[in-house]
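Below is entry_2.cif, which holds mmCIF, C-alpha atoms, pLDDT in the B column; chains and numbers go by the auth columns.
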data_final
#
loop_
_atom_site.group_PDB
_atom_site.id
_atom_site.type_symbol
_atom_site.label_atom_id
_atom_site.label_comp_id
_atom_site.label_asym_id
_atom_site.label_seq_id
_atom_site.Cartn_x
_atom_site.Cartn_y
_atom_site.Cartn_z
_atom_site.B_iso_or_equiv
_atom_site.auth_seq_id
_atom_site.auth_asym_id
ATOM 1 C CA MET A 1 -6.441 14.634 12.388 77.00 122 A
ATOM 2 C CA ALA A 2 -6.197 12.242 9.473 92.00 123 A
ATOM 3 C CA TYR A 3 -3.944 12.931 6.535 97.00 124 A
ATOM 4 C CA LEU A 4 -5.371 13.214 3.040 97.00 125 A
ATOM 5 C CA LEU A 5 -4.731 10.017 1.118 97.00 126 A
ATOM 6 C CA GLN A 6 -3.558 9.958 -2.487 97.00 127 A
ATOM 7 C CA VAL A 7 -3.026 6.704 -4.394 97.00 128 A
ATOM 8 C CA LYS A 8 -0.683 6.928 -7.372 97.00 129 A
ATOM 9 C CA LEU A 9 -1.742 5.332 -10.652 97.00 130 A
ATOM 10 C CA GLN A 10 0.880 2.564 -10.449 96.00 131 A
ATOM 11 C CA ALA A 11 -0.315 1.594 -6.967 97.00 132 A
ATOM 12 C CA THR A 12 -3.919 1.545 -8.205 98.00 133 A
ATOM 13 C CA LEU A 13 -2.928 -0.764 -11.067 97.00 134 A
ATOM 14 C CA GLU A 14 -1.070 -3.071 -8.660 97.00 135 A
ATOM 15 C CA LEU A 15 -4.098 -3.105 -6.358 98.00 136 A
ATOM 16 C CA GLU A 16 -6.478 -3.952 -9.203 98.00 137 A
ATOM 17 C CA GLU A 17 -4.158 -6.722 -10.410 98.00 138 A
ATOM 18 C CA ALA A 18 -3.977 -8.282 -6.938 98.00 139 A
ATOM 19 C CA ILE A 19 -7.749 -8.075 -6.445 98.00 140 A
ATOM 20 C CA ALA A 20 -8.351 -9.769 -9.809 98.00 141 A
ATOM 21 C CA TRP A 21 -5.817 -12.507 -9.059 98.00 142 A
ATOM 22 C CA TYR A 22 -7.279 -13.305 -5.639 98.00 143 A
ATOM 23 C CA GLU A 23 -10.824 -13.189 -6.969 98.00 144 A
ATOM 24 C CA GLY A 24 -9.757 -15.711 -9.622 97.00 145 A
ATOM 25 C CA GLN A 25 -8.438 -18.012 -6.896 98.00 146 A
ATOM 26 C CA SER A 26 -11.617 -17.982 -4.831 98.00 147 A
ATOM 27 C CA LEU A 27 -14.854 -16.044 -5.159 97.00 148 A
ATOM 28 C CA GLY A 28 -14.871 -13.232 -2.600 97.00 149 A
ATOM 29 C CA LEU A 29 -11.150 -13.376 -1.829 98.00 150 A
ATOM 30 C CA GLY A 30 -10.470 -10.335 -4.012 98.00 151 A
ATOM 31 C CA VAL A 31 -13.079 -8.431 -2.008 98.00 152 A
ATOM 32 C CA GLU A 32 -11.336 -9.500 1.213 98.00 153 A
ATOM 33 C CA PHE A 33 -8.067 -8.178 -0.198 98.00 154 A
ATOM 34 C CA LEU A 34 -9.711 -4.845 -1.021 98.00 155 A
ATOM 35 C CA ILE A 35 -11.269 -4.600 2.448 98.00 156 A
ATOM 36 C CA GLU A 36 -7.886 -5.217 4.086 98.00 157 A
ATOM 37 C CA PHE A 37 -6.261 -2.651 1.799 98.00 158 A
ATOM 38 C CA LEU A 38 -8.897 -0.048 2.688 98.00 159 A
ATOM 39 C CA SER A 39 -8.599 -0.769 6.399 98.00 160 A
ATOM 40 C CA LEU A 40 -4.816 -0.493 6.315 98.00 161 A
ATOM 41 C CA SER A 41 -5.011 2.667 4.186 98.00 162 A
ATOM 42 C CA ASP A 42 -7.282 4.190 6.819 98.00 163 A
ATOM 43 C CA ALA A 43 -4.762 3.307 9.537 98.00 164 A
ATOM 44 C CA ILE A 44 -1.977 4.853 7.443 98.00 165 A
ATOM 45 C CA ALA A 45 -3.960 8.063 6.973 97.00 166 A
ATOM 46 C CA ASN A 46 -4.662 8.291 10.704 97.00 167 A
ATOM 47 C CA LYS A 47 -1.163 7.552 11.999 97.00 168 A
ATOM 48 C CA PRO A 48 1.468 7.290 9.251 97.00 169 A
ATOM 49 C CA SER A 49 4.381 7.612 11.669 95.00 170 A
ATOM 50 C CA PHE A 50 3.364 4.301 13.275 96.00 171 A
ATOM 51 C CA PHE A 51 4.618 2.380 10.247 97.00 172 A
ATOM 52 C CA THR A 52 8.187 1.324 9.566 91.00 173 A
ATOM 53 C CA MET A 53 10.539 3.663 7.724 93.00 174 A
ATOM 54 C CA LYS A 54 12.049 1.277 5.171 85.00 175 A
ATOM 55 C CA SER A 55 14.032 3.458 2.840 83.00 176 A
ATOM 56 C CA PRO A 56 13.719 7.124 3.793 87.00 177 A
ATOM 57 C CA PRO A 57 11.444 8.860 3.040 92.00 178 A
ATOM 58 C CA TYR A 58 9.338 5.775 2.306 95.00 179 A
ATOM 59 C CA ARG A 59 7.361 3.834 4.881 97.00 180 A
ATOM 60 C CA ARG A 60 5.911 0.338 4.697 97.00 181 A
ATOM 61 C CA ALA A 61 2.678 -1.075 6.083 98.00 182 A
ATOM 62 C CA LEU A 62 2.280 -4.856 5.943 98.00 183 A
ATOM 63 C CA MET A 63 -1.050 -6.526 5.283 98.00 184 A
ATOM 64 C CA LYS A 64 -1.936 -9.200 7.831 97.00 185 A
ATOM 65 C CA LYS A 65 -3.782 -11.779 5.732 97.00 186 A
ATOM 66 C CA PHE A 66 -2.052 -11.280 2.387 98.00 187 A
ATOM 67 C CA PRO A 67 1.656 -11.191 1.486 98.00 188 A
ATOM 68 C CA TYR A 68 1.545 -7.559 0.396 98.00 189 A
ATOM 69 C CA ALA A 69 2.934 -4.295 1.668 98.00 190 A
ATOM 70 C CA ILE A 70 1.801 -0.750 1.049 98.00 191 A
ATOM 71 C CA TYR A 71 4.689 1.639 0.436 97.00 192 A
ATOM 72 C CA PHE A 72 3.960 5.293 1.010 97.00 193 A
ATOM 73 C CA ALA A 73 5.460 8.696 1.622 97.00 194 A
ATOM 74 C CA VAL A 74 4.264 11.395 3.991 97.00 195 A
ATOM 75 C CA ASN A 75 4.117 15.088 3.156 95.00 196 A
ATOM 76 C CA ASP A 76 3.535 16.765 6.520 92.00 197 A
ATOM 77 C CA GLN A 77 3.395 20.249 5.013 93.00 198 A
ATOM 78 C CA ALA A 78 0.488 19.274 2.772 94.00 199 A
ATOM 79 C CA ASN A 79 -1.001 16.947 5.421 96.00 200 A
ATOM 80 C CA GLU A 80 -0.930 14.212 2.790 97.00 201 A
ATOM 81 C CA VAL A 81 0.037 10.554 2.493 98.00 202 A
ATOM 82 C CA VAL A 82 0.892 9.272 -0.984 97.00 203 A
ATOM 83 C CA ILE A 83 0.587 5.530 -1.606 98.00 204 A
ATOM 84 C CA LEU A 84 3.226 4.656 -4.169 97.00 205 A
ATOM 85 C CA SER A 85 3.003 0.879 -4.395 97.00 206 A
ATOM 86 C CA VAL A 86 0.981 -2.157 -3.359 97.00 207 A
ATOM 87 C CA TRP A 87 3.831 -4.661 -3.501 97.00 208 A
ATOM 88 C CA HIS A 88 3.878 -8.454 -3.155 97.00 209 A
ATOM 89 C CA VAL A 89 6.584 -9.133 -0.572 95.00 210 A
ATOM 90 C CA LYS A 90 8.121 -11.964 -2.630 95.00 211 A
ATOM 91 C CA ARG A 91 8.754 -9.728 -5.650 91.00 212 A
ATOM 92 C CA ASP A 92 12.218 -8.441 -6.467 88.00 213 A
ATOM 93 C CA PRO A 93 13.043 -5.639 -3.973 85.00 214 A
ATOM 94 C CA GLU A 94 15.357 -3.986 -6.522 88.00 215 A
ATOM 95 C CA LYS A 95 12.369 -3.421 -8.827 88.00 216 A
ATOM 96 C CA LEU A 96 10.548 -1.827 -5.924 88.00 217 A
ATOM 97 C CA GLN A 97 13.478 0.511 -5.224 86.00 218 A
ATOM 98 C CA LYS A 98 13.490 1.611 -8.880 82.00 219 A
ATOM 99 C CA ARG A 99 9.763 2.222 -8.752 81.00 220 A
ATOM 100 C CA LEU A 100 9.992 4.318 -5.602 82.00 221 A
ATOM 101 C CA LYS A 101 12.626 6.647 -7.057 76.00 222 A
#
Would you kindly transcribe this structure into structure tokens?
Amino acid sequence: MAYLLQVKLQATLELEEAIAWYEGQSLGLGVEFLIEFLSLSDAIANKPSFFTMKSPPYRRALMKKFPYAIYFAVNDQANEVVILSVWHVKRDPEKLQKRLK
């Protein structure tokens, strides 16, 4: 049974920023980014334990085509996955740690 998926506001803003940037680079590339995000989000909702525990209780799912990772937490009691960040892997990891806290 799939978990309910919640995307925090900050993650939504990061997603929108990435889509806009890629769309500005090449028409349709932002849409490809969104499709990969949605596909990976679906995989996270269906099997969150498959993905790497990076900094407990946070897990990370890496995108295949784009240099981004989805950071999320799992609430088994509520049967919910909360996406906290859509993070470019070259960004400062200390900023990510502050954001996750």
Going by the chain IDs and residue numbers used in this file, which residues fall under the PyMOL selection byres ((chain A and resi 209) around 12)? Write them as an NGL selection string.
:A and (132 or 135-136 or 138-139 or 181-184 or 187-192 or 206-208 or 210-214 or 216-217)
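Closest approach to Ser170 (chain A) from the set A:Val202, A:Leu150, A:Ile140, A:Leu155 is made by A:Val202, with distances taken over all atoms listed in the file.
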Measuring atom to atom with all atoms listed in the file, identify which of A:Ala141, A:Lys186, A:Phe171, A:Asn196 is nearest to Glu157 (chain A).
A:Lys186
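Remark: for Val128 (chain A), the closest of the candidate residues A:Gly149, A:Arg220, A:Lys175, A:Phe193 is A:Phe193 (distances computed over all atoms listed in the file).
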I'd like to know which of A:Tyr179, A:Ala166, A:Lys219, A:Lys185 is closest to Leu126 (chain A), using all atoms listed in the file.
A:Ala166
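For the pair CA of Val152 (chain A) and CA of Ala194 (chain A), the interatomic distance is 25.5 Å.
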Name the residues that the PyMOL selection byres ((chain A and resi 200) around 9) pulls out of this structure, and write them as a list in words.
Ala123, Tyr124, Leu125, Leu126, Val195, Asn196, Asp197, Gln198, Ala199, Glu201 and Val202 of chain A
Hey, can you spit out that residue selection with C-alpha atoms as a JSON list (two decimals), keeping the file's coordinate frame?
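Okay, this is what ended up in selection_19.json:
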[["chain", "number", "residue", "atom", "x", "y", "z"],
["A", 123, "ALA", "CA", -6.20, 12.24, 9.47],
["A", 124, "TYR", "CA", -3.94, 12.93, 6.54],
["A", 125, "LEU", "CA", -5.37, 13.21, 3.04],
["A", 126, "LEU", "CA", -4.73, 10.02, 1.12],
["A", 195, "VAL", "CA", 4.26, 11.40, 3.99],
["A", 196, "ASN", "CA", 4.12, 15.09, 3.16],
["A", 197, "ASP", "CA", 3.54, 16.76, 6.52],
["A", 198, "GLN", "CA", 3.40, 20.25, 5.01],
["A", 199, "ALA", "CA", 0.49, 19.27, 2.77],
["A", 201, "GLU", "CA", -0.93, 14.21, 2.79],
["A", 202, "VAL", "CA", 0.04, 10.55, 2.49]]
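Taking CA of Leu130 (chain A) and CA of Leu159 (chain A) as endpoints, the distance between them is 16.1 Å.
With all atoms listed in the file as the atoms that count, the minimum distance from Phe158 (chain A) to the choices A:Met174, A:Lys222, A:Ile204, A:Lys129 is reached by A:Ile204.
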What does the distance from CA of Tyr143 (chain A) to CA of Ile156 (chain A) come to in Å, to one decimal?
12.5 Å
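Between Phe154 (chain A) and the candidates A:Val203, A:Ser176, A:Glu137, A:Lys168, the tightest atom-to-atom separation, counting all atoms listed in the file, involves A:Glu137.
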For region 162-175 of chain A, what centre and edge lengths in Å (one decimal) does the axis-aligned box get once 6 Å is added on each side of all its listed atoms, as JSON?
{"center_x": 2.4, "center_y": 4.8, "center_z": 8.7, "size_x": 31.3, "size_y": 19.0, "size_z": 21.1}
Please return region 143-178 of chain A, rebuilt to N, CA and C atoms, as a PDB file, in the coordinates of the input.
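Output (result_10.pdb):
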ATOM      1  N   TYR A 143      -6.676 -12.626  -6.786  1.00 98.00           N
ATOM      2  CA  TYR A 143      -7.279 -13.305  -5.639  1.00 98.00           C
ATOM      3  C   TYR A 143      -8.724 -13.695  -5.926  1.00 98.00           C
ATOM      4  N   GLU A 144      -9.441 -12.857  -6.634  1.00 98.00           N
ATOM      5  CA  GLU A 144     -10.824 -13.189  -6.969  1.00 98.00           C
ATOM      6  C   GLU A 144     -10.864 -14.411  -7.890  1.00 98.00           C
ATOM      7  N   GLY A 145      -9.863 -14.534  -8.753  1.00 97.00           N
ATOM      8  CA  GLY A 145      -9.757 -15.711  -9.622  1.00 97.00           C
ATOM      9  C   GLY A 145      -9.420 -16.983  -8.861  1.00 97.00           C
ATOM     10  N   GLN A 146      -8.785 -16.852  -7.720  1.00 98.00           N
ATOM     11  CA  GLN A 146      -8.438 -18.012  -6.896  1.00 98.00           C
ATOM     12  C   GLN A 146      -9.649 -18.531  -6.126  1.00 98.00           C
ATOM     13  N   SER A 147     -10.452 -17.597  -5.630  1.00 98.00           N
ATOM     14  CA  SER A 147     -11.617 -17.982  -4.831  1.00 98.00           C
ATOM     15  C   SER A 147     -12.594 -16.811  -4.799  1.00 98.00           C
ATOM     16  N   LEU A 148     -13.831 -17.086  -5.133  1.00 97.00           N
ATOM     17  CA  LEU A 148     -14.854 -16.044  -5.159  1.00 97.00           C
ATOM     18  C   LEU A 148     -14.931 -15.340  -3.808  1.00 97.00           C
ATOM     19  N   GLY A 149     -14.800 -14.030  -3.822  1.00 97.00           N
ATOM     20  CA  GLY A 149     -14.871 -13.232  -2.600  1.00 97.00           C
ATOM     21  C   GLY A 149     -13.518 -12.905  -1.995  1.00 97.00           C
ATOM     22  N   LEU A 150     -12.471 -13.632  -2.401  1.00 98.00           N
ATOM     23  CA  LEU A 150     -11.150 -13.376  -1.829  1.00 98.00           C
ATOM     24  C   LEU A 150     -10.584 -12.031  -2.295  1.00 98.00           C
ATOM     25  N   GLY A 151     -10.895 -11.648  -3.520  1.00 98.00           N
ATOM     26  CA  GLY A 151     -10.470 -10.335  -4.012  1.00 98.00           C
ATOM     27  C   GLY A 151     -11.118  -9.215  -3.206  1.00 98.00           C
ATOM     28  N   VAL A 152     -12.368  -9.418  -2.835  1.00 98.00           N
ATOM     29  CA  VAL A 152     -13.079  -8.431  -2.008  1.00 98.00           C
ATOM     30  C   VAL A 152     -12.420  -8.351  -0.631  1.00 98.00           C
ATOM     31  N   GLU A 153     -12.032  -9.501  -0.074  1.00 98.00           N
ATOM     32  CA  GLU A 153     -11.336  -9.500   1.213  1.00 98.00           C
ATOM     33  C   GLU A 153     -10.012  -8.726   1.124  1.00 98.00           C
ATOM     34  N   PHE A 154      -9.315  -8.913   0.012  1.00 98.00           N
ATOM     35  CA  PHE A 154      -8.067  -8.178  -0.198  1.00 98.00           C
ATOM     36  C   PHE A 154      -8.342  -6.678  -0.206  1.00 98.00           C
ATOM     37  N   LEU A 155      -9.366  -6.267  -0.949  1.00 98.00           N
ATOM     38  CA  LEU A 155      -9.711  -4.845  -1.021  1.00 98.00           C
ATOM     39  C   LEU A 155     -10.090  -4.300   0.356  1.00 98.00           C
ATOM     40  N   ILE A 156     -10.866  -5.049   1.106  1.00 98.00           N
ATOM     41  CA  ILE A 156     -11.269  -4.600   2.448  1.00 98.00           C
ATOM     42  C   ILE A 156     -10.043  -4.419   3.338  1.00 98.00           C
ATOM     43  N   GLU A 157      -9.095  -5.364   3.271  1.00 98.00           N
ATOM     44  CA  GLU A 157      -7.886  -5.217   4.086  1.00 98.00           C
ATOM     45  C   GLU A 157      -7.065  -4.015   3.626  1.00 98.00           C
ATOM     46  N   PHE A 158      -6.976  -3.816   2.316  1.00 98.00           N
ATOM     47  CA  PHE A 158      -6.261  -2.651   1.799  1.00 98.00           C
ATOM     48  C   PHE A 158      -6.890  -1.356   2.312  1.00 98.00           C
ATOM     49  N   LEU A 159      -8.209  -1.268   2.241  1.00 98.00           N
ATOM     50  CA  LEU A 159      -8.897  -0.048   2.688  1.00 98.00           C
ATOM     51  C   LEU A 159      -8.719   0.183   4.185  1.00 98.00           C
ATOM     52  N   SER A 160      -8.785  -0.876   4.948  1.00 98.00           N
ATOM     53  CA  SER A 160      -8.599  -0.769   6.399  1.00 98.00           C
ATOM     54  C   SER A 160      -7.181  -0.300   6.731  1.00 98.00           C
ATOM     55  N   LEU A 161      -6.201  -0.883   6.072  1.00 98.00           N
ATOM     56  CA  LEU A 161      -4.816  -0.493   6.315  1.00 98.00           C
ATOM     57  C   LEU A 161      -4.554   0.930   5.823  1.00 98.00           C
ATOM     58  N   SER A 162      -5.148   1.298   4.701  1.00 98.00           N
ATOM     59  CA  SER A 162      -5.011   2.667   4.186  1.00 98.00           C
ATOM     60  C   SER A 162      -5.569   3.679   5.176  1.00 98.00           C
ATOM     61  N   ASP A 163      -6.681   3.321   5.803  1.00 98.00           N
ATOM     62  CA  ASP A 163      -7.282   4.190   6.819  1.00 98.00           C
ATOM     63  C   ASP A 163      -6.336   4.351   8.008  1.00 98.00           C
ATOM     64  N   ALA A 164      -5.725   3.243   8.434  1.00 98.00           N
ATOM     65  CA  ALA A 164      -4.762   3.307   9.537  1.00 98.00           C
ATOM     66  C   ALA A 164      -3.555   4.158   9.157  1.00 98.00           C
ATOM     67  N   ILE A 165      -3.098   4.034   7.924  1.00 98.00           N
ATOM     68  CA  ILE A 165      -1.977   4.853   7.443  1.00 98.00           C
ATOM     69  C   ILE A 165      -2.342   6.329   7.480  1.00 98.00           C
ATOM     70  N   ALA A 166      -3.526   6.663   7.005  1.00 97.00           N
ATOM     71  CA  ALA A 166      -3.960   8.063   6.973  1.00 97.00           C
ATOM     72  C   ALA A 166      -4.095   8.645   8.381  1.00 97.00           C
ATOM     73  N   ASN A 167      -4.468   7.812   9.339  1.00 97.00           N
ATOM     74  CA  ASN A 167      -4.662   8.291  10.704  1.00 97.00           C
ATOM     75  C   ASN A 167      -3.373   8.385  11.515  1.00 97.00           C
ATOM     76  N   LYS A 168      -2.410   7.529  11.232  1.00 97.00           N
ATOM     77  CA  LYS A 168      -1.163   7.552  11.999  1.00 97.00           C
ATOM     78  C   LYS A 168      -0.005   7.024  11.149  1.00 97.00           C
ATOM     79  N   PRO A 169       0.424   7.778  10.148  1.00 97.00           N
ATOM     80  CA  PRO A 169       1.468   7.290   9.251  1.00 97.00           C
ATOM     81  C   PRO A 169       2.807   7.044   9.937  1.00 97.00           C
ATOM     82  N   SER A 170       3.092   7.775  10.985  1.00 95.00           N
ATOM     83  CA  SER A 170       4.381   7.612  11.669  1.00 95.00           C
ATOM     84  C   SER A 170       4.482   6.289  12.431  1.00 95.00           C
ATOM     85  N   PHE A 171       3.378   5.591  12.607  1.00 96.00           N
ATOM     86  CA  PHE A 171       3.364   4.301  13.275  1.00 96.00           C
ATOM     87  C   PHE A 171       4.092   3.232  12.458  1.00 96.00           C
ATOM     88  N   PHE A 172       4.117   3.410  11.142  1.00 97.00           N
ATOM     89  CA  PHE A 172       4.618   2.380  10.247  1.00 97.00           C
ATOM     90  C   PHE A 172       6.112   2.539   9.988  1.00 97.00           C
ATOM     91  N   THR A 173       6.740   1.425   9.702  1.00 91.00           N
ATOM     92  CA  THR A 173       8.187   1.324   9.566  1.00 91.00           C
ATOM     93  C   THR A 173       8.736   2.183   8.435  1.00 91.00           C
ATOM     94  N   MET A 174       9.788   2.927   8.744  1.00 93.00           N
ATOM     95  CA  MET A 174      10.539   3.663   7.724  1.00 93.00           C
ATOM     96  C   MET A 174      11.479   2.648   7.092  1.00 93.00           C
ATOM     97  N   LYS A 175      11.243   2.311   5.828  1.00 85.00           N
ATOM     98  CA  LYS A 175      12.049   1.277   5.171  1.00 85.00           C
ATOM     99  C   LYS A 175      13.242   1.863   4.441  1.00 85.00           C
ATOM    100  N   SER A 176      12.989   2.836   3.645  1.00 83.00           N
ATOM    101  CA  SER A 176      14.032   3.458   2.840  1.00 83.00           C
ATOM    102  C   SER A 176      13.657   4.938   2.765  1.00 83.00           C
ATOM    103  N   PRO A 177      14.176   5.735   3.691  1.00 87.00           N
ATOM    104  CA  PRO A 177      13.719   7.124   3.793  1.00 87.00           C
ATOM    105  C   PRO A 177      13.638   7.807   2.435  1.00 87.00           C
ATOM    106  N   PRO A 178      12.555   8.476   2.154  1.00 92.00           N
ATOM    107  CA  PRO A 178      11.444   8.860   3.040  1.00 92.00           C
ATOM    108  C   PRO A 178      10.250   7.912   2.982  1.00 92.00           C
TER     109      PRO A 178
END
